[in-house]
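Undergrad: My structure is in structure.cif, and what it holds is mmCIF, C-alpha atoms:
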data_structure
loop_
_atom_site.label_atom_id
_atom_site.label_comp_id
_atom_site.auth_asym_id
_atom_site.auth_seq_id
_atom_site.Cartn_x
_atom_site.Cartn_y
_atom_site.Cartn_z
CA MET A 15 -55.56 -84.95 -48.60
CA SER A 16 -53.27 -82.24 -47.32
CA LEU A 17 -51.99 -82.71 -43.80
CA MET A 18 -49.49 -81.12 -41.49
CA GLY A 19 -47.94 -82.56 -38.38
CA LYS A 20 -45.31 -84.95 -37.12
CA GLY A 21 -46.15 -88.59 -37.88
CA LEU A 22 -49.54 -87.91 -39.42
CA PRO A 23 -48.49 -87.56 -43.08
CA GLN A 24 -46.60 -90.85 -43.03
CA ALA A 25 -49.49 -92.65 -41.28
CA MET A 26 -51.97 -91.46 -43.90
CA GLN A 27 -49.53 -92.13 -46.74
CA GLU A 28 -49.34 -95.75 -45.58
CA ARG A 29 -53.13 -95.86 -45.92
CA ASN A 30 -52.86 -94.94 -49.61
CA HIS A 31 -53.83 -91.26 -49.28
CA GLU A 32 -51.98 -88.65 -51.33
CA ILE A 33 -50.22 -86.37 -48.87
CA ARG A 34 -48.45 -83.04 -49.20
CA THR A 35 -46.96 -81.38 -46.15
CA PHE A 36 -46.37 -77.65 -45.71
CA MET A 37 -44.39 -76.00 -42.95
CA PRO A 38 -42.47 -72.77 -42.31
CA LYS A 39 -38.78 -72.74 -43.20
CA TRP A 40 -37.65 -71.92 -39.67
CA GLY A 41 -34.19 -70.43 -39.36
CA THR A 42 -33.10 -73.47 -37.36
CA ILE A 43 -33.57 -75.80 -40.36
CA ASN A 44 -30.28 -76.74 -42.00
CA GLU A 45 -30.93 -76.49 -45.75
CA ARG A 46 -27.82 -78.40 -46.77
CA ARG A 47 -28.42 -81.27 -44.37
CA GLY A 48 -32.10 -81.43 -45.29
CA GLN A 49 -31.29 -81.09 -49.01
CA LEU A 50 -33.78 -78.27 -49.47
CA HIS A 51 -33.93 -76.60 -52.85
CA GLU A 52 -35.96 -73.67 -54.12
CA VAL A 53 -38.72 -74.34 -56.63
CA ILE A 54 -38.52 -71.37 -58.98
CA ARG A 55 -41.88 -71.98 -60.67
CA LEU A 56 -43.63 -71.79 -57.29
CA SER A 57 -41.63 -68.86 -55.90
CA GLY A 58 -41.63 -65.21 -56.92
CA MET A 59 -45.03 -64.05 -55.73
CA ASN A 60 -45.30 -61.06 -53.38
CA LEU A 61 -47.87 -61.23 -50.58
CA ILE A 62 -49.05 -57.85 -49.27
CA ILE A 63 -49.47 -57.86 -45.49
CA ASN A 64 -49.90 -54.69 -43.47
CA ASP A 65 -49.34 -52.64 -46.68
CA THR A 66 -45.92 -54.19 -47.24
CA ASP A 67 -44.81 -56.58 -49.99
CA HIS A 68 -43.26 -59.80 -48.74
CA PRO A 69 -41.65 -62.17 -51.30
CA LEU A 70 -42.84 -65.77 -51.13
CA ILE A 71 -40.11 -68.37 -51.53
CA ILE A 72 -40.95 -72.07 -51.81
CA LYS A 73 -38.40 -74.75 -51.02
CA VAL A 74 -38.86 -78.50 -51.19
CA ALA A 75 -37.33 -81.54 -49.55
CA SER A 76 -38.25 -85.21 -49.57
CA ILE A 77 -38.38 -87.84 -46.84
CA PRO A 78 -37.68 -90.99 -48.88
CA SER A 79 -38.35 -93.43 -46.03
CA ALA A 80 -41.84 -91.99 -45.60
CA ARG A 81 -42.43 -91.22 -49.29
CA VAL A 82 -43.48 -87.71 -48.24
CA GLN A 83 -42.58 -84.42 -49.91
CA VAL A 84 -42.34 -81.34 -47.70
CA TYR A 85 -42.94 -77.81 -49.01
CA PHE A 86 -41.27 -75.08 -46.96
CA ILE A 87 -42.77 -71.58 -46.90
CA ASP A 88 -39.90 -69.12 -46.67
CA ASN A 89 -39.35 -65.38 -46.42
CA ASP A 90 -36.27 -63.54 -45.18
CA ASP A 91 -38.24 -61.12 -42.99
CA TYR A 92 -40.48 -63.66 -41.27
CA PHE A 93 -38.37 -66.83 -41.13
CA GLY A 94 -34.78 -66.30 -42.24
CA LYS A 95 -32.31 -66.68 -39.34
CA ARG A 96 -35.20 -66.66 -36.86
CA LEU A 97 -36.44 -69.25 -34.38
CA MET A 98 -40.02 -70.49 -34.12
CA GLU A 99 -42.44 -68.54 -31.91
CA LYS A 100 -39.87 -67.10 -29.47
CA ASP A 101 -36.61 -65.22 -29.95
CA GLU A 102 -33.24 -65.95 -28.35
CA GLN A 103 -34.39 -64.24 -25.15
CA GLY A 104 -37.47 -66.45 -24.88
CA GLU A 105 -39.90 -63.68 -25.86
CA ASP A 106 -42.70 -64.11 -28.38
CA TYR A 107 -41.92 -62.38 -31.67
CA THR A 108 -44.03 -59.24 -31.96
CA ASP A 109 -44.95 -60.07 -35.57
CA ASN A 110 -46.12 -63.64 -34.92
CA GLY A 111 -49.58 -62.71 -36.20
CA GLU A 112 -48.19 -61.49 -39.51
CA ARG A 113 -45.99 -64.56 -39.77
CA ALA A 114 -49.03 -66.82 -39.40
CA ILE A 115 -50.90 -64.82 -42.05
CA PHE A 116 -47.97 -65.04 -44.46
CA PHE A 117 -47.64 -68.77 -43.92
CA ALA A 118 -51.37 -69.40 -44.46
CA ARG A 119 -51.60 -67.42 -47.66
CA GLY A 120 -48.30 -68.86 -48.86
CA VAL A 121 -49.61 -72.40 -48.42
CA LEU A 122 -52.88 -71.69 -50.21
CA GLU A 123 -51.23 -69.88 -53.11
CA THR A 124 -48.75 -72.74 -53.51
CA VAL A 125 -51.54 -75.32 -53.60
CA LYS A 126 -53.19 -73.29 -56.37
CA LYS A 127 -49.96 -73.20 -58.38
CA LEU A 128 -49.59 -76.94 -57.97
CA ARG A 129 -53.09 -77.33 -59.48
CA TRP A 130 -53.88 -79.69 -56.64
CA ILE A 131 -57.33 -80.16 -55.12
CA PRO A 132 -57.04 -81.37 -51.50
CA ASP A 133 -59.99 -83.17 -49.93
CA ILE A 134 -58.82 -82.17 -46.46
CA ILE A 135 -56.47 -79.55 -45.08
CA HIS A 136 -55.40 -80.55 -41.58
CA CYS A 137 -53.98 -77.60 -39.64
CA GLN A 138 -51.68 -78.24 -36.71
CA GLY A 139 -50.18 -75.51 -34.57
CA TRP A 140 -50.68 -71.76 -34.23
CA MET A 141 -48.81 -70.97 -37.44
CA SER A 142 -51.60 -72.59 -39.49
CA ALA A 143 -54.49 -71.15 -37.46
CA THR A 144 -55.56 -68.55 -40.05
CA ILE A 145 -55.89 -71.13 -42.84
CA PRO A 146 -59.48 -72.16 -41.95
CA PHE A 147 -60.60 -68.52 -42.09
CA TYR A 148 -59.04 -67.99 -45.51
CA VAL A 149 -60.31 -71.26 -47.00
CA LYS A 150 -63.88 -70.41 -46.03
CA THR A 151 -63.72 -66.74 -47.07
CA ALA A 152 -60.97 -65.40 -49.35
CA TYR A 153 -60.43 -68.70 -51.20
CA HIS A 154 -63.90 -70.24 -51.05
CA ASP A 155 -64.52 -69.78 -54.79
CA GLU A 156 -61.13 -71.12 -55.87
CA PRO A 157 -61.44 -74.48 -57.68
CA SER A 158 -58.70 -75.93 -55.48
CA PHE A 159 -60.69 -75.35 -52.29
CA ALA A 160 -64.37 -75.24 -53.26
CA GLU A 161 -65.04 -78.70 -51.78
CA THR A 162 -62.17 -78.85 -49.27
CA LYS A 163 -62.84 -79.71 -45.64
CA VAL A 164 -60.67 -78.14 -42.95
CA VAL A 165 -59.65 -79.88 -39.73
CA THR A 166 -57.89 -78.12 -36.85
CA SER A 167 -55.86 -79.92 -34.18
CA LEU A 168 -55.73 -78.47 -30.67
CA PHE A 169 -52.57 -78.74 -28.58
CA SER A 170 -51.54 -77.68 -25.09
CA GLN A 171 -49.00 -75.22 -26.53
CA HIS A 172 -49.82 -71.52 -26.25
CA LEU A 173 -48.26 -68.13 -26.94
CA ASP A 174 -47.75 -65.56 -24.20
CA LYS A 175 -48.36 -62.30 -26.06
CA ASP A 176 -51.27 -61.14 -28.19
CA PHE A 177 -50.91 -60.26 -31.88
CA GLY A 178 -51.47 -56.52 -31.57
CA SER A 179 -54.45 -54.26 -32.20
CA ASP A 180 -54.03 -54.33 -36.00
CA PHE A 181 -54.23 -58.10 -36.44
CA LYS A 182 -57.72 -58.05 -37.97
CA GLN A 183 -56.63 -55.45 -40.53
CA CYS A 184 -53.51 -57.46 -41.41
CA LEU A 185 -55.70 -60.52 -41.87
CA GLU A 186 -57.97 -58.87 -44.45
CA PHE A 187 -57.76 -60.34 -47.94
CA ARG A 188 -60.48 -60.49 -50.58
CA GLU A 189 -63.71 -61.65 -48.87
CA GLY A 190 -61.82 -62.33 -45.65
CA ARG A 191 -62.86 -59.06 -44.04
CA ALA A 192 -62.26 -57.83 -40.51
CA ALA A 193 -66.02 -57.25 -40.17
CA LEU A 194 -66.51 -61.03 -40.07
CA LEU A 195 -64.61 -61.03 -36.78
CA LYS A 196 -66.60 -58.28 -35.05
CA ASP A 197 -67.36 -60.60 -32.12
CA TYR A 198 -63.64 -60.98 -31.44
CA PRO A 199 -61.59 -58.39 -29.51
CA ASP A 200 -59.27 -56.15 -31.52
CA SER A 201 -56.23 -57.55 -29.72
CA PHE A 202 -56.23 -61.22 -30.69
CA ASP A 203 -54.45 -63.50 -28.26
CA PHE A 204 -53.65 -67.19 -28.65
CA ASN A 205 -57.05 -68.22 -27.27
CA GLU A 206 -58.92 -65.99 -29.73
CA LEU A 207 -56.77 -67.23 -32.61
CA SER A 208 -57.65 -70.80 -31.67
CA LYS A 209 -61.34 -69.97 -31.51
CA MET A 210 -61.23 -68.39 -34.96
CA ALA A 211 -59.52 -71.50 -36.34
CA ILE A 212 -62.21 -73.67 -34.75
CA GLU A 213 -65.11 -71.54 -35.96
CA TYR A 214 -64.03 -71.82 -39.60
CA SER A 215 -63.16 -75.54 -39.45
CA ASP A 216 -65.28 -78.54 -40.39
CA GLY A 217 -63.78 -80.68 -37.65
CA VAL A 218 -61.59 -80.39 -34.55
CA VAL A 219 -59.11 -82.91 -33.17
CA VAL A 220 -57.97 -82.96 -29.54
CA ALA A 221 -54.29 -83.78 -30.11
CA ASP A 222 -52.98 -83.51 -26.51
CA LYS A 223 -54.22 -84.84 -23.19
CA ASP A 224 -54.24 -81.44 -21.51
CA VAL A 225 -55.84 -79.23 -24.18
CA ASN A 226 -57.71 -76.13 -22.96
CA LYS A 227 -61.19 -77.48 -22.20
CA GLY A 228 -62.69 -74.08 -22.97
CA LEU A 229 -61.65 -74.49 -26.61
CA VAL A 230 -63.21 -77.94 -26.82
CA ASP A 231 -66.42 -76.57 -25.29
CA PHE A 232 -66.34 -73.73 -27.83
CA ALA A 233 -66.16 -76.22 -30.71
CA GLU A 234 -68.97 -78.31 -29.31
CA GLY A 235 -71.05 -75.18 -28.77
CA LYS A 236 -70.64 -74.42 -32.48
CA ASN A 237 -71.78 -77.98 -33.33
CA ILE A 238 -68.44 -78.72 -34.94
CA PRO A 239 -67.49 -82.43 -34.85
CA VAL A 240 -64.76 -83.11 -32.27
CA LEU A 241 -62.46 -86.12 -32.13
CA ASP A 242 -61.24 -86.79 -28.60
CA TYR A 243 -57.62 -87.60 -27.81
CA HIS A 244 -56.34 -90.95 -29.12
CA GLU A 245 -52.83 -92.25 -28.53
CA ASP A 246 -53.23 -94.68 -31.43
CA PHE A 247 -54.32 -91.85 -33.68
CA ALA A 248 -54.04 -93.08 -37.26
CA ASP A 249 -57.17 -95.25 -37.48
CA ALA A 250 -59.18 -92.77 -35.42
CA TYR A 251 -58.14 -89.87 -37.63
CA GLU A 252 -58.94 -91.69 -40.84
CA ALA A 253 -62.41 -92.61 -39.55
CA PHE A 254 -62.95 -88.99 -38.46
CA TYR A 255 -62.00 -87.71 -41.89
CA GLY A 256 -64.55 -90.05 -43.42
CA GLN A 257 -67.30 -88.61 -41.21
CA LEU A 258 -66.76 -85.23 -42.87
CA PHE A 259 -67.96 -86.69 -46.18
CA PRO A 260 -71.23 -88.43 -45.23
CA GLU A 261 -72.50 -88.36 -48.82
CA GLU A 262 -69.63 -90.65 -49.88
CA ALA A 263 -70.52 -93.19 -47.18
CA GLU A 264 -74.06 -93.63 -48.49
#
As a first step, turn the structure in this file into structure tokens.
TA:
Amino acid sequence: MSLMGKGLPQAMQERNHEIRTFMPKWGTINERRGQLHEVIRLSGMNLIINDTDHPLIIKVASIPSARVQVYFIDNDDYFGKRLMEKDEQGEDYTDNGERAIFFARGVLETVKKLRWIPDIIHCQGWMSATIPFYVKTAYHDEPSFAETKVVTSLFSQHLDKDFGSDFKQCLEFREGRAALLKDYPDSFDFNELSKMAIEYSDGVVVADKDVNKGLVDFAEGKNIPVLDYHEDFADAYEAFYGQLFPEEAE
């Protein structure tokens, strides 16, 4: 299983699931304090986004108390010396869409290099929102993801600005074509990004009490299984994951 999110990896690790966590190497992360180190065999690939090459750098750190290894997706242009979704003035970065695309493809390419076959990819937060689209389109024939289920968590967080009129074109990769998103407006905003993540997921988790109800209704309208909010989440999540593999329960 491949999961992302605070507390969730450790909870599933304690239930004897193999966990690998991926996250952006935000500029606020102290590499020395976190004992991050670059993994040369995983780094070195260039990802082309918006007709520009962007080097992919992979760094790793361990959380011994949780027995969890964290893979950091890094790139000087998108993450180096930069904050998360907003800059020092509190404004959304204008290239947040590209950053999410880079992160998604960086994660999937790293999983391939690791020769790992995750049963589940659990996406949490806007930065991972393009992963479901890529798993079900551009990477659907890859051995690492042919049988993978994708779960998306919904939170109350949102971004203020849209991702620009060229987001669909930046997203294109292999079979992940812009034409698949013809029902979406050209200027993707946070709500549209969330809907795309939902549409290409096998399950949706309501991770906050005050999640946008319209997104939950959208998932239910697509007949995608939805897990309602649970404060004691670990057992509920594990049971939900099991529902995605009904053939194994027979």
Undergrad: Got a sec to resolve the PyMOL selection byres ((chain A and resi 184) around 7) on this structure and send the residues as a PDB file with C-alpha atoms, keeping the file's coordinate frame?
TA:
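In the end it all went to expr.pdb:
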ATOM      1  CA  ILE A  63     -49.470 -57.860 -45.490  1.00  0.00           C
ATOM      2  CA  ASN A  64     -49.900 -54.690 -43.470  1.00  0.00           C
ATOM      3  CA  GLU A 112     -48.190 -61.490 -39.510  1.00  0.00           C
ATOM      4  CA  ASP A 180     -54.030 -54.330 -36.000  1.00  0.00           C
ATOM      5  CA  PHE A 181     -54.230 -58.100 -36.440  1.00  0.00           C
ATOM      6  CA  LYS A 182     -57.720 -58.050 -37.970  1.00  0.00           C
ATOM      7  CA  GLN A 183     -56.630 -55.450 -40.530  1.00  0.00           C
ATOM      8  CA  LEU A 185     -55.700 -60.520 -41.870  1.00  0.00           C
ATOM      9  CA  GLU A 186     -57.970 -58.870 -44.450  1.00  0.00           C
TER      10      GLU A 186
END
Undergrad: Evaluate the PyMOL selection byres ((chain A and resi 195-206) around 12) against this structure - the residues, as a VMD selection string, please.
TA: chain A and resid 99 106 108 110 to 112 114 139 to 141 143 to 144 147 151 168 to 186 190 to 194 207 to 214 225 to 230 232
Undergrad: Name the residues captured by the PyMOL selection byres ((chain A and resi 120) around 12) when it is applied to the shown file; answer as number ranges by chain.
TA: A: 36-39, 56-63, 68-73, 85-89, 112-119, 121-127, 141-142, 144-145, 148
Undergrad: Filtering to C-alpha atoms, could you give me those residues as a short mmCIF file (atom, residue, chain, number, x, y, z; two decimals), keeping the file's coordinate frame?
TA:
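Once everything was written out, this is part14.cif:
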data_model
loop_
_atom_site.label_atom_id
_atom_site.label_comp_id
_atom_site.auth_asym_id
_atom_site.auth_seq_id
_atom_site.Cartn_x
_atom_site.Cartn_y
_atom_site.Cartn_z
CA PHE A 36 -46.37 -77.65 -45.71
CA MET A 37 -44.39 -76.00 -42.95
CA PRO A 38 -42.47 -72.77 -42.31
CA LYS A 39 -38.78 -72.74 -43.20
CA LEU A 56 -43.63 -71.79 -57.29
CA SER A 57 -41.63 -68.86 -55.90
CA GLY A 58 -41.63 -65.21 -56.92
CA MET A 59 -45.03 -64.05 -55.73
CA ASN A 60 -45.30 -61.06 -53.38
CA LEU A 61 -47.87 -61.23 -50.58
CA ILE A 62 -49.05 -57.85 -49.27
CA ILE A 63 -49.47 -57.86 -45.49
CA HIS A 68 -43.26 -59.80 -48.74
CA PRO A 69 -41.65 -62.17 -51.30
CA LEU A 70 -42.84 -65.77 -51.13
CA ILE A 71 -40.11 -68.37 -51.53
CA ILE A 72 -40.95 -72.07 -51.81
CA LYS A 73 -38.40 -74.75 -51.02
CA TYR A 85 -42.94 -77.81 -49.01
CA PHE A 86 -41.27 -75.08 -46.96
CA ILE A 87 -42.77 -71.58 -46.90
CA ASP A 88 -39.90 -69.12 -46.67
CA ASN A 89 -39.35 -65.38 -46.42
CA GLU A 112 -48.19 -61.49 -39.51
CA ARG A 113 -45.99 -64.56 -39.77
CA ALA A 114 -49.03 -66.82 -39.40
CA ILE A 115 -50.90 -64.82 -42.05
CA PHE A 116 -47.97 -65.04 -44.46
CA PHE A 117 -47.64 -68.77 -43.92
CA ALA A 118 -51.37 -69.40 -44.46
CA ARG A 119 -51.60 -67.42 -47.66
CA VAL A 121 -49.61 -72.40 -48.42
CA LEU A 122 -52.88 -71.69 -50.21
CA GLU A 123 -51.23 -69.88 -53.11
CA THR A 124 -48.75 -72.74 -53.51
CA VAL A 125 -51.54 -75.32 -53.60
CA LYS A 126 -53.19 -73.29 -56.37
CA LYS A 127 -49.96 -73.20 -58.38
CA MET A 141 -48.81 -70.97 -37.44
CA SER A 142 -51.60 -72.59 -39.49
CA THR A 144 -55.56 -68.55 -40.05
CA ILE A 145 -55.89 -71.13 -42.84
CA TYR A 148 -59.04 -67.99 -45.51
#
Undergrad: Grab the atom CA of A:Lys236 to atom CA of A:Glu252 distance for me, in Å with one decimal place.
TA: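 It comes out at 22.5 Å.
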Undergrad: Counting all atoms listed in the file, write as an MDAnalysis selection string all protein and nucleic acid residues lying at most 12 Å from (-31.9, -72.8, -49.4) in the file's frame.
TA: chainID A and resid 39:41 43:54 71:75 86:90 94:95
Undergrad: Because the input lacks atoms here, generate N, CA and C atoms for stretch 174-189 of chain A and report them as an mmCIF file, in the coordinates of the input.
TA:
data_model
loop_
_atom_site.group_PDB
_atom_site.id
_atom_site.type_symbol
_atom_site.label_atom_id
_atom_site.label_comp_id
_atom_site.auth_asym_id
_atom_site.auth_seq_id
_atom_site.Cartn_x
_atom_site.Cartn_y
_atom_site.Cartn_z
ATOM 1 N N ASP A 174 -47.566 -66.431 -25.363
ATOM 2 C CA ASP A 174 -47.750 -65.560 -24.200
ATOM 3 C C ASP A 174 -48.342 -64.207 -24.563
ATOM 4 N N LYS A 175 -47.945 -63.659 -25.702
ATOM 5 C CA LYS A 175 -48.360 -62.300 -26.060
ATOM 6 C C LYS A 175 -49.457 -62.325 -27.112
ATOM 7 N N ASP A 176 -50.249 -61.220 -27.152
ATOM 8 C CA ASP A 176 -51.270 -61.140 -28.190
ATOM 9 C C ASP A 176 -50.619 -60.669 -29.502
ATOM 10 N N PHE A 177 -51.438 -60.555 -30.537
ATOM 11 C CA PHE A 177 -50.910 -60.260 -31.880
ATOM 12 C C PHE A 177 -51.054 -58.792 -32.255
ATOM 13 N N GLY A 178 -51.390 -57.942 -31.295
ATOM 14 C CA GLY A 178 -51.470 -56.520 -31.570
ATOM 15 C C GLY A 178 -52.854 -56.085 -32.011
ATOM 16 N N SER A 179 -53.123 -54.799 -31.918
ATOM 17 C CA SER A 179 -54.450 -54.260 -32.200
ATOM 18 C C SER A 179 -54.776 -54.194 -33.691
ATOM 19 N N ASP A 180 -53.781 -54.412 -34.563
ATOM 20 C CA ASP A 180 -54.030 -54.330 -36.000
ATOM 21 C C ASP A 180 -54.110 -55.709 -36.667
ATOM 22 N N PHE A 181 -54.232 -56.759 -35.878
ATOM 23 C CA PHE A 181 -54.230 -58.100 -36.440
ATOM 24 C C PHE A 181 -55.375 -58.315 -37.424
ATOM 25 N N LYS A 182 -56.566 -57.862 -37.080
ATOM 26 C CA LYS A 182 -57.720 -58.050 -37.970
ATOM 27 C C LYS A 182 -57.480 -57.359 -39.314
ATOM 28 N N GLN A 183 -56.891 -56.177 -39.284
ATOM 29 C CA GLN A 183 -56.630 -55.450 -40.530
ATOM 30 C C GLN A 183 -55.562 -56.169 -41.361
ATOM 31 N N CYS A 184 -54.540 -56.706 -40.694
ATOM 32 C CA CYS A 184 -53.510 -57.460 -41.410
ATOM 33 C C CYS A 184 -54.085 -58.717 -42.049
ATOM 34 N N LEU A 185 -55.093 -59.274 -41.396
ATOM 35 C CA LEU A 185 -55.700 -60.520 -41.870
ATOM 36 C C LEU A 185 -56.544 -60.318 -43.125
ATOM 37 N N GLU A 186 -57.035 -59.114 -43.347
ATOM 38 C CA GLU A 186 -57.970 -58.870 -44.450
ATOM 39 C C GLU A 186 -57.360 -59.233 -45.810
ATOM 40 N N PHE A 187 -58.159 -59.976 -46.575
ATOM 41 C CA PHE A 187 -57.760 -60.340 -47.940
ATOM 42 C C PHE A 187 -59.002 -60.813 -48.677
ATOM 43 N N ARG A 188 -59.282 -60.165 -49.798
ATOM 44 C CA ARG A 188 -60.480 -60.490 -50.580
ATOM 45 C C ARG A 188 -61.713 -60.476 -49.671
ATOM 46 N N GLU A 189 -62.485 -61.601 -49.688
ATOM 47 C CA GLU A 189 -63.710 -61.650 -48.870
ATOM 48 C C GLU A 189 -63.422 -61.919 -47.394
#
